[in-house]
Structures are given as C-alpha cells and as structure tokens.
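Notes follow once the structure below has been shown.
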Amino acid sequence: MDNVLLETAKRAFQIQSECLAKAFPHVGDEAFLQVVEKLAVAPRIAASGCGHSGIACQHFAHLMCCIERPARFISPAEAVHGAMGFVQPGDVMLLASRGGKTQELMQILDICKQKNIYVIAVTENLASPMAQGADVVLGMYINRETDKHNAQGTTSFVMLSALFDALQAALIEKLDYRNEQFAVVHPGGAVGERLNAGKKKPAT
C-alpha cells in the first residue's frame with residue numbers, strides 16, 4: 001500500500017509539472033500583454049472566483065498589493081450583497097472559472113457591465129458566457145486534475161496560481177518596481193529583515 005501511495009504522490013507532481021510546461025501558449029500573448037497594461041494603471045483591482053479558483057484569486061489580490069497595486073478579493077456571495085460598491089468606472093475586475101459558467105460570477109459580470117468595469121476572464125472555456133462577456137480572456141490549460149477521479153480542483157489551482165505569479169512578475173518589470181519599495185510595505189518576517197538590513201530604525 002505504501003508504494004501505491006508514493007506512486008500516487010509522484011504522479012500528482014508529474015501531472016502538474018506537465019501542465020505548467022504546456023500552459024503558457026494557451027494564455028495568449030496579446031491578451032496577456034493587454035492585461036498587464038490594464039493592471040498597471042487601474043485605480044482599483046478586484047478579483048472573484050468560487051472554490052479553488054476563489055482561493056487563487058485571493059492569492060492574486062495579495063500579489064497585487066505586494067507591488068502596491070490596490071486590490072482586494074470579493075467573495076461571490078458578498079459581491080451581490082453590496083461588496084461590488086468597491087469597484088468604480090475604470091477599475092478592473094478579474095473573474096476566474098475553469099468552465100466559465102459559474103452562476104455567481106455571471107451576476108458579477110452583469111454588475112461590471114452596468115458600472116463600466118473592465119473585466120478580465122480567466123477560463124479554459126473560451127466559448128463560455130463569462131469569456132464572451134469579458135473585455136479580455138486569458139486561456140487556461142489543464143491536462144487533468146491530480147486525483148484518480150479527475151474531479152478535485154488541484155492542477156487547475158496550480159495553473160491559476162502560476163498565471164497570477166507570471167502577471168505579477170511582468171508587472172514588476174512594467175512598473176520597474178524595486179526591492180526598496182517592497183521593503184516599506186513588507187517589514188515583517190525573514191524577507192522584511194533581509195530587505196531592511198542596514199536601515200536605521202526611526203527614533204521613538
């Protein structure tokens with residue numbers, strides 16, 4: 001049994017590494033660059049998704065904040081109970097759904113259209129209602145999920161997270177965002193200690 005479990009674990013790593021190796025061409029170069037341009041100048045950035053996609057969107061919002069792009073995750077449940085008041089005309093909303101048909105996100109999409117919010121859709125289904133209603137679409141590629149039933153949102157979560165990491169990396173280049181800036185907003189932990197090494201502490 002132990003050998004079966006180890007082989008299953010190794011297979012999970014293999015599935016996800018194969019996915020990442022093949023994923024970026026499916027994103028779309030032109031769409032990716034368009035998204036970077038929008039994120040670089042957006043007054044506010046919001047992101048929403050359900051389940052594993054939602055957790056990845058929380059990661060995305062944090063990545064944006066780490067480079068001082070004002071962002072927050074909006075829960076799909078809270079979005080339709082007033083939280084969409086956060087976004088204003090000219091802001092950006094990123095919606096993530098592998099199938100592109102998540103009903104809760106379709107309600108958010110409708111609000112965005114009414115408020116003139118720029119919508120980025122991240123989905124595997126380019127013919128989906130979410131993709132068709134968005135201003136720009138980033139394509140997902142998922143070979144399969146890691147569990148034997150191909151049902152849990154595992155590989156799709158890793159692919160989303162990698163895409164969001166790539167967007168932040170590109171934005172750091174676009175904005176020429178420097179470690180000195182990051183040190184101000186990240187004084188905590190080992191990273192903050194390294195970034196702020198040698199700095200004089202303010203007088204108390």
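Scheme for the structure tokens: letters A, B, ... for chains in order shown; per-chain residue numbers from 1; ligand numbers from 1 in order shown.
Proximity to Ser97 (chain A) at 9 Å, evaluated using only C-alpha atoms and with sequence-adjacent residues fewer than 6 positions away removed, yields Gly49, Cys50, Ser53, Gly54, Leu105, Ala121, Val122, Thr123, Glu124, Asn125 and Met130 of chain A.
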Convert the current residue selection to file output with C-alpha atoms, as a short mmCIF file (atom, residue, chain, number, x, y, z; two decimals), in the first residue's frame.
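Printed below is out06.cif as written:
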```cif
data_model
loop_
_atom_site.label_atom_id
_atom_site.label_comp_id
_atom_site.auth_asym_id
_atom_site.auth_seq_id
_atom_site.Cartn_x
_atom_site.Cartn_y
_atom_site.Cartn_z
CA GLY A 49 -13.99 33.15 -8.09
CA CYS A 50 -15.60 30.19 -6.34
CA SER A 53 -10.50 29.46 -8.15
CA GLY A 54 -11.56 31.85 -5.41
CA LEU A 105 -19.76 35.13 -11.38
CA ALA A 121 -11.88 36.46 -17.61
CA VAL A 122 -9.60 33.53 -16.86
CA THR A 123 -11.11 30.30 -18.14
CA GLU A 124 -10.49 27.13 -20.09
CA ASN A 125 -13.78 27.53 -21.96
CA MET A 130 -18.09 34.55 -18.99
#
```
(request) Might you pull out every residue within 9 Å of Cys19 (chain A), with only C-alpha atoms counted and same-chain residues fewer than 6 positions away left off, and present them as a list in words? (result)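 Those residues are Tyr141, Ile142, Asn143, Arg144, Thr155, Ser156, Val158 and Met159 of chain A.
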(message) I'd like to know which residues of region 64-188 of chain A are helix (DSSP H, G or I) (by DSSP, run on the backbone); could you write them as a PyMOL selection string?
(response) chain A and resi 64-66+76-79+83-86+103-115+129-133+155-175+179-185
(request) Name the residues in contact with Leu195 (chain A) at a cut-off of 7 Å, using only C-alpha atoms, excluding same-chain residues fewer than 3 positions from it; report them as a PyMOL selection string. (result) chain A and resi 183+191-192
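The coordinates place CA of Gln14 (chain A) at 29.0 Å from CA of Leu94 (chain A).
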(message) Neighbouring residues of region 43-46 of chain A were defined as those with any atom within 10 Å, considering only C-alpha atoms; residues of the same chain fewer than 6 positions away were excluded. Please report them as a list in words.
(response)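 The contact residues come out as Cys57, Gln58, Phe60, Ala61, Met64, Cys65, Arg69, Pro70, Ala71, Arg72, Phe73, Ile74, Met84, Phe86, Val87, Gln88, Pro89, Gly90, Asp91, Val92, Met93, Leu94, Leu95, Ile117, Tyr118 and Val119 of chain A.
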Once you have the residues from the selection above, write them out as an mmCIF file, in the first residue's frame, restricted to N, CA and C atoms.
```
data_model
loop_
_atom_site.group_PDB
_atom_site.id
_atom_site.type_symbol
_atom_site.label_atom_id
_atom_site.label_comp_id
_atom_site.auth_asym_id
_atom_site.auth_seq_id
_atom_site.Cartn_x
_atom_site.Cartn_y
_atom_site.Cartn_z
ATOM 1 N N CYS A 57 -7.700 33.470 -6.488
ATOM 2 C CA CYS A 57 -7.954 34.901 -6.665
ATOM 3 C C CYS A 57 -7.546 35.703 -5.422
ATOM 4 N N GLN A 58 -7.670 35.101 -4.253
ATOM 5 C CA GLN A 58 -7.167 35.756 -3.040
ATOM 6 C C GLN A 58 -5.654 35.927 -3.127
ATOM 7 N N PHE A 60 -3.994 36.179 -5.919
ATOM 8 C CA PHE A 60 -3.781 37.226 -6.925
ATOM 9 C C PHE A 60 -3.898 38.620 -6.301
ATOM 10 N N ALA A 61 -4.946 38.842 -5.506
ATOM 11 C CA ALA A 61 -5.141 40.154 -4.891
ATOM 12 C C ALA A 61 -3.970 40.500 -3.976
ATOM 13 N N MET A 64 -0.954 41.562 -6.010
ATOM 14 C CA MET A 64 -1.081 42.943 -6.485
ATOM 15 C C MET A 64 -0.745 43.931 -5.367
ATOM 16 N N CYS A 65 -1.250 43.680 -4.168
ATOM 17 C CA CYS A 65 -0.956 44.568 -3.048
ATOM 18 C C CYS A 65 0.542 44.615 -2.746
ATOM 19 N N ARG A 69 -0.326 47.732 -6.034
ATOM 20 C CA ARG A 69 -1.489 47.897 -6.910
ATOM 21 C C ARG A 69 -2.716 47.625 -6.030
ATOM 22 N N PRO A 70 -3.524 48.644 -5.745
ATOM 23 C CA PRO A 70 -4.652 48.479 -4.816
ATOM 24 C C PRO A 70 -5.614 47.390 -5.280
ATOM 25 N N ALA A 71 -5.752 46.337 -4.485
ATOM 26 C CA ALA A 71 -6.544 45.185 -4.916
ATOM 27 C C ALA A 71 -7.207 44.521 -3.725
ATOM 28 N N ARG A 72 -8.324 43.842 -4.013
ATOM 29 C CA ARG A 72 -8.970 43.029 -2.987
ATOM 30 C C ARG A 72 -9.747 41.898 -3.647
ATOM 31 N N PHE A 73 -9.881 40.819 -2.898
ATOM 32 C CA PHE A 73 -10.737 39.715 -3.306
ATOM 33 C C PHE A 73 -12.154 40.024 -2.866
ATOM 34 N N ILE A 74 -13.114 39.810 -3.763
ATOM 35 C CA ILE A 74 -14.518 39.984 -3.426
ATOM 36 C C ILE A 74 -15.200 38.628 -3.485
ATOM 37 N N MET A 84 -19.804 44.921 -4.344
ATOM 38 C CA MET A 84 -19.399 45.466 -5.646
ATOM 39 C C MET A 84 -19.357 46.990 -5.654
ATOM 40 N N PHE A 86 -17.245 48.461 -4.109
ATOM 41 C CA PHE A 86 -15.796 48.737 -4.077
ATOM 42 C C PHE A 86 -15.285 49.216 -5.419
ATOM 43 N N VAL A 87 -15.801 48.647 -6.520
ATOM 44 C CA VAL A 87 -15.284 48.978 -7.843
ATOM 45 C C VAL A 87 -16.066 50.127 -8.467
ATOM 46 N N GLN A 88 -15.333 50.973 -9.178
ATOM 47 C CA GLN A 88 -15.909 52.153 -9.810
ATOM 48 C C GLN A 88 -15.541 52.155 -11.294
ATOM 49 N N PRO A 89 -16.211 52.978 -12.102
ATOM 50 C CA PRO A 89 -15.877 53.033 -13.526
ATOM 51 C C PRO A 89 -14.378 53.234 -13.758
ATOM 52 N N GLY A 90 -13.814 52.412 -14.636
ATOM 53 C CA GLY A 90 -12.383 52.469 -14.915
ATOM 54 C C GLY A 90 -11.562 51.464 -14.141
ATOM 55 N N ASP A 91 -12.165 50.839 -13.126
ATOM 56 C CA ASP A 91 -11.465 49.803 -12.358
ATOM 57 C C ASP A 91 -11.445 48.492 -13.146
ATOM 58 N N VAL A 92 -10.731 47.513 -12.598
ATOM 59 C CA VAL A 92 -10.585 46.205 -13.240
ATOM 60 C C VAL A 92 -11.146 45.119 -12.333
ATOM 61 N N MET A 93 -11.890 44.198 -12.907
ATOM 62 C CA MET A 93 -12.369 43.014 -12.205
ATOM 63 C C MET A 93 -11.845 41.776 -12.908
ATOM 64 N N LEU A 94 -11.170 40.896 -12.180
ATOM 65 C CA LEU A 94 -10.720 39.620 -12.725
ATOM 66 C C LEU A 94 -11.644 38.527 -12.214
ATOM 67 N N LEU A 95 -12.204 37.753 -13.141
ATOM 68 C CA LEU A 95 -13.076 36.629 -12.798
ATOM 69 C C LEU A 95 -12.424 35.338 -13.256
ATOM 70 N N ILE A 117 -16.974 48.593 -15.674
ATOM 71 C CA ILE A 117 -15.761 47.994 -15.106
ATOM 72 C C ILE A 117 -15.126 47.099 -16.160
ATOM 73 N N TYR A 118 -13.824 47.193 -16.323
ATOM 74 C CA TYR A 118 -13.082 46.367 -17.286
ATOM 75 C C TYR A 118 -12.943 44.952 -16.732
ATOM 76 N N VAL A 119 -13.402 43.967 -17.490
ATOM 77 C CA VAL A 119 -13.449 42.591 -16.999
ATOM 78 C C VAL A 119 -12.407 41.708 -17.681
#
```
(request) Between A:Gln16, A:Gln34, A:Asn3, A:Thr154, single out the one closest to Ile120 (chain A), counting only C-alpha atoms. (result)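 Residue with the minimum atom-to-atom distance to Ile120 (chain A): A:Gln34.
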(request) Measuring atom to atom with only C-alpha atoms, identify which of A:Ala197, A:Val35, A:Ala162, A:Ala170 is nearest to Leu20 (chain A). (result)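 That would be A:Ala162, the residue with the smallest distance to Leu20 (chain A).
On the backbone of this structure, DSSP gives strand (DSSP E) within region 71-158 of chain A to Ala71, Arg72, Phe73, Val92, Met93, Leu94, Leu95, Ala96, Tyr118, Val119, Ile120, Ala121, Val122, Thr123, Val136, Val137, Leu138 and Gly139 of chain A.
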(request) For Ala131 (chain A), list every protein, DNA or RNA residue within 7 Å, evaluated using only C-alpha atoms, and leave out those in the same chain fewer than 5 positions away; present the list as number ranges by chain. (result) A: 100, 121, 126, 137
Generate a file of the selected residues that holds C-alpha atoms, formatted as a PDB file, in the first residue's frame.
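The resulting file, again_32.pdb, is reproduced below:
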```pdb
ATOM      1  CA  GLY A 100     -16.707  29.917 -17.409  1.00  0.00           C
ATOM      2  CA  ALA A 121     -11.876  36.461 -17.614  1.00  0.00           C
ATOM      3  CA  LEU A 126     -13.256  30.361 -24.445  1.00  0.00           C
ATOM      4  CA  VAL A 137      -9.743  36.497 -21.876  1.00  0.00           C
TER       5      VAL A 137
END
```
